[in-house]
Each structure stands twice: as C-alpha cells, then as structure tokens.
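K.L.:
Please read through the structure below; I'll follow up with questions.
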Amino acid sequence: MADGGLGGRGVFIGRDSSGGAFCYDPWVLYGDGMLDDPNAIVLGKLGQGKSSLVKAVHAALVTETLNLADSLLHRAAKDIEAALFERVFDQLRGQLPELVDRVLREHTARAAAPGTAATTTDN
C-alpha cells in the first residue's frame with residue numbers, strides 16, 4: 001500500500017486505506033526526486049484487478065502524453081508562424097521603398113513616352 005504522501009498529481013489509481021485518493025505518475029515523482037527509478041511492480045491476489053490497473057494507468061499516461069505533445073506542437077506552430085510573419089514583414093518593410101520608387105518611375109516613364117496621352121476620368 002502506498003503512502004498518501006505521494007501527492008495528488010498523476011493518474012487516479014483508486015482509494016488508499018484511509019479513503020483518500022491515490023494518484024501515481026512515475027515521471028512526476030522522478031522529477032520531484034521522490035523516485036530514483038520509475039519502474040513499478042504490481043502484486044496482488046488473483047482477480048483483484050492488477051491487469052486492469054496497469055492497463056488503465058498505461059492508457060491514462062499515453063493519453064496525457066499525447067495531449068501534452070499536441071499542446072506543445074500547437075504552441076511551436078504558433079511560434080514558427082509568428083517568426084515567419086515577422087521575417088516576411090521585415091523583408092517587405094525593407095523592400096517596399098524600392099518597389100514604390102520603381103513603380104513610380106515606370107509610371108512616369110510611360111506617361112512621358114511619346115504618343116502616350118494622359119487620360120483622366122471625371123466622375
């Protein structure tokens with residue numbers, strides 16, 4: 001039986017002998033220094049749910065790991081998008097004056113070309 005001092009973080013396993021919730025996450029315990037080897041052994045009598053417990057803990061840990069990975073990937077994608085936008089914006093800001101100058105020169109050259117009549121439209 002595990003001591004209630006493991007804390008409330010991790011996968012809900014069940015109730016301890018005093019009726020309190022028993023949660024377990026070997027990575028949290030390892031990170032907190034409460035565990036130096038995150039291996040576990042499950043012992044008990046036949047038909048007491050050992051296999052169900054291991055499968056439930058495994059499923060919960062896999063689900064939480066996938067949720068964390070998904071969250072990290074979404075955050076990374078937003079960071080990449082922001083960095084790319086900033087890079088494109090900086091390049092646009094640097095090239096825009098030259099682009100405007102070139103377009104104005106071309107427009108002025110076409111308007112001043114022989115045989116080109118300036119047209120205006122009155123509304």
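If you're wondering about the labels, chains in the structure tokens are A, B, ... by order shown, residues count from 1 in each chain, ligands from 1 in order shown.
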Find the residues around Asp37 of chain A up to 9 Å (only C-alpha atoms counted), leave out those fewer than 3 positions away in its own chain, and share them as a PyMOL selection string.
P.N.:
chain A and resi 26+30+40
K.L.:
Limited to N, CA and C atoms, could you put the picked residues into a file as an mmCIF file, in the first residue's frame?
P.N.:
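Full text of again-v9.cif as output:
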```
data_model
loop_
_atom_site.group_PDB
_atom_site.id
_atom_site.type_symbol
_atom_site.label_atom_id
_atom_site.label_comp_id
_atom_site.auth_asym_id
_atom_site.auth_seq_id
_atom_site.Cartn_x
_atom_site.Cartn_y
_atom_site.Cartn_z
ATOM 1 N N PRO A 26 4.894 8.166 -12.416
ATOM 2 C CA PRO A 26 6.320 7.943 -12.152
ATOM 3 C C PRO A 26 7.208 9.083 -12.640
ATOM 4 N N TYR A 30 9.680 11.049 -10.266
ATOM 5 C CA TYR A 30 11.093 11.047 -10.643
ATOM 6 C C TYR A 30 11.615 12.482 -10.715
ATOM 7 N N ALA A 40 7.895 -0.062 -11.693
ATOM 8 C CA ALA A 40 6.886 -0.443 -10.698
ATOM 9 C C ALA A 40 6.622 -1.937 -10.797
#
```
K.L.:
Find the residue from A:Gly31, A:Glu86, A:Val62, A:Leu53 that sits nearest to Phe12 of chain A; use only C-alpha atoms when measuring.
P.N.:
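Closest candidate: A:Leu53.
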K.L.:
Would you mind listing what lies within 10 Å of Val54 of chain A as a VMD selection string, with only C-alpha atoms counted and same-chain residues fewer than 4 positions away left out?
P.N.:
chain A and resid 13 40 to 42 49 to 50 58 to 60
K.L.:
Run DSSP on the backbone of this structure and report the residues of chain A it assigns to alpha helix (DSSP H), as a ChimeraX atom specification.
P.N.:
/A:26-31,50-112
K.L.:
Go ahead and write the residues just picked, C-alpha atoms, as an mmCIF file, in the first residue's frame.
P.N.:
```
data_model
loop_
_atom_site.group_PDB
_atom_site.id
_atom_site.type_symbol
_atom_site.label_atom_id
_atom_site.label_comp_id
_atom_site.auth_asym_id
_atom_site.auth_seq_id
_atom_site.Cartn_x
_atom_site.Cartn_y
_atom_site.Cartn_z
ATOM 1 C CA PRO A 26 6.320 7.943 -12.152
ATOM 2 C CA TRP A 27 7.639 10.864 -14.223
ATOM 3 C CA VAL A 28 6.331 13.443 -11.747
ATOM 4 C CA LEU A 29 7.780 11.512 -8.819
ATOM 5 C CA TYR A 30 11.093 11.047 -10.643
ATOM 6 C CA GLY A 31 11.219 14.774 -11.468
ATOM 7 C CA LYS A 50 -3.903 -5.944 -11.348
ATOM 8 C CA SER A 51 -4.072 -6.155 -15.152
ATOM 9 C CA SER A 52 -6.920 -3.641 -15.286
ATOM 10 C CA LEU A 53 -4.933 -1.248 -13.131
ATOM 11 C CA VAL A 54 -1.831 -1.497 -15.300
ATOM 12 C CA LYS A 55 -3.882 -1.045 -18.489
ATOM 13 C CA ALA A 56 -5.758 1.940 -17.027
ATOM 14 C CA VAL A 57 -2.542 3.617 -15.860
ATOM 15 C CA HIS A 58 -0.903 2.960 -19.214
ATOM 16 C CA ALA A 59 -3.887 4.364 -21.132
ATOM 17 C CA ALA A 60 -4.050 7.454 -18.917
ATOM 18 C CA LEU A 61 -0.324 8.126 -19.217
ATOM 19 C CA VAL A 62 -0.411 7.672 -23.001
ATOM 20 C CA THR A 63 -3.428 9.997 -23.257
ATOM 21 C CA GLU A 64 -1.777 12.669 -21.112
ATOM 22 C CA THR A 65 1.464 12.340 -23.080
ATOM 23 C CA LEU A 66 -0.388 12.768 -26.386
ATOM 24 C CA ASN A 67 -2.304 15.763 -25.032
ATOM 25 C CA LEU A 68 0.939 17.356 -23.878
ATOM 26 C CA ALA A 69 2.627 16.661 -27.225
ATOM 27 C CA ASP A 70 -0.364 18.151 -29.059
ATOM 28 C CA SER A 71 -0.278 21.261 -26.903
ATOM 29 C CA LEU A 72 3.477 21.669 -27.396
ATOM 30 C CA LEU A 73 3.162 21.202 -31.160
ATOM 31 C CA HIS A 74 0.393 23.808 -31.388
ATOM 32 C CA ARG A 75 2.464 26.262 -29.358
ATOM 33 C CA ALA A 76 5.529 25.554 -31.533
ATOM 34 C CA ALA A 77 3.476 26.049 -34.709
ATOM 35 C CA LYS A 78 2.238 29.420 -33.432
ATOM 36 C CA ASP A 79 5.809 30.427 -32.554
ATOM 37 C CA ILE A 80 7.019 29.395 -36.020
ATOM 38 C CA GLU A 81 4.139 31.253 -37.664
ATOM 39 C CA ALA A 82 4.929 34.399 -35.675
ATOM 40 C CA ALA A 83 8.632 34.176 -36.529
ATOM 41 C CA LEU A 84 7.888 33.682 -40.238
ATOM 42 C CA PHE A 85 5.412 36.564 -40.268
ATOM 43 C CA GLU A 86 7.971 38.821 -38.595
ATOM 44 C CA ARG A 87 10.644 37.793 -41.103
ATOM 45 C CA VAL A 88 8.368 38.402 -44.108
ATOM 46 C CA PHE A 89 7.174 41.712 -42.663
ATOM 47 C CA ASP A 90 10.768 42.858 -42.101
ATOM 48 C CA GLN A 91 11.685 41.938 -45.680
ATOM 49 C CA LEU A 92 8.604 43.687 -47.012
ATOM 50 C CA ARG A 93 9.383 46.802 -44.978
ATOM 51 C CA GLY A 94 12.938 46.781 -46.354
ATOM 52 C CA GLN A 95 11.937 46.254 -49.988
ATOM 53 C CA LEU A 96 8.800 48.395 -50.115
ATOM 54 C CA PRO A 97 10.525 51.787 -50.624
ATOM 55 C CA GLU A 98 12.441 50.430 -53.627
ATOM 56 C CA LEU A 99 9.288 48.829 -55.026
ATOM 57 C CA VAL A 100 7.313 52.084 -54.702
ATOM 58 C CA ASP A 101 10.145 54.061 -56.291
ATOM 59 C CA ARG A 102 10.380 51.601 -59.220
ATOM 60 C CA VAL A 103 6.619 51.625 -59.839
ATOM 61 C CA LEU A 104 6.512 55.437 -59.779
ATOM 62 C CA ARG A 105 9.462 55.654 -62.194
ATOM 63 C CA GLU A 106 7.818 53.176 -64.596
ATOM 64 C CA HIS A 107 4.514 55.012 -64.408
ATOM 65 C CA THR A 108 6.197 58.374 -65.011
ATOM 66 C CA ALA A 109 8.173 56.929 -67.946
ATOM 67 C CA ARG A 110 5.008 55.543 -69.563
ATOM 68 C CA ALA A 111 3.155 58.806 -69.082
ATOM 69 C CA ALA A 112 6.035 60.808 -70.625
#
```
K.L.:
In Å, rounded to a single decimal, give me how far atom CA of Ala21 of chain A is from atom CA of Arg9 of chain A.
P.N.:
10.4 Å
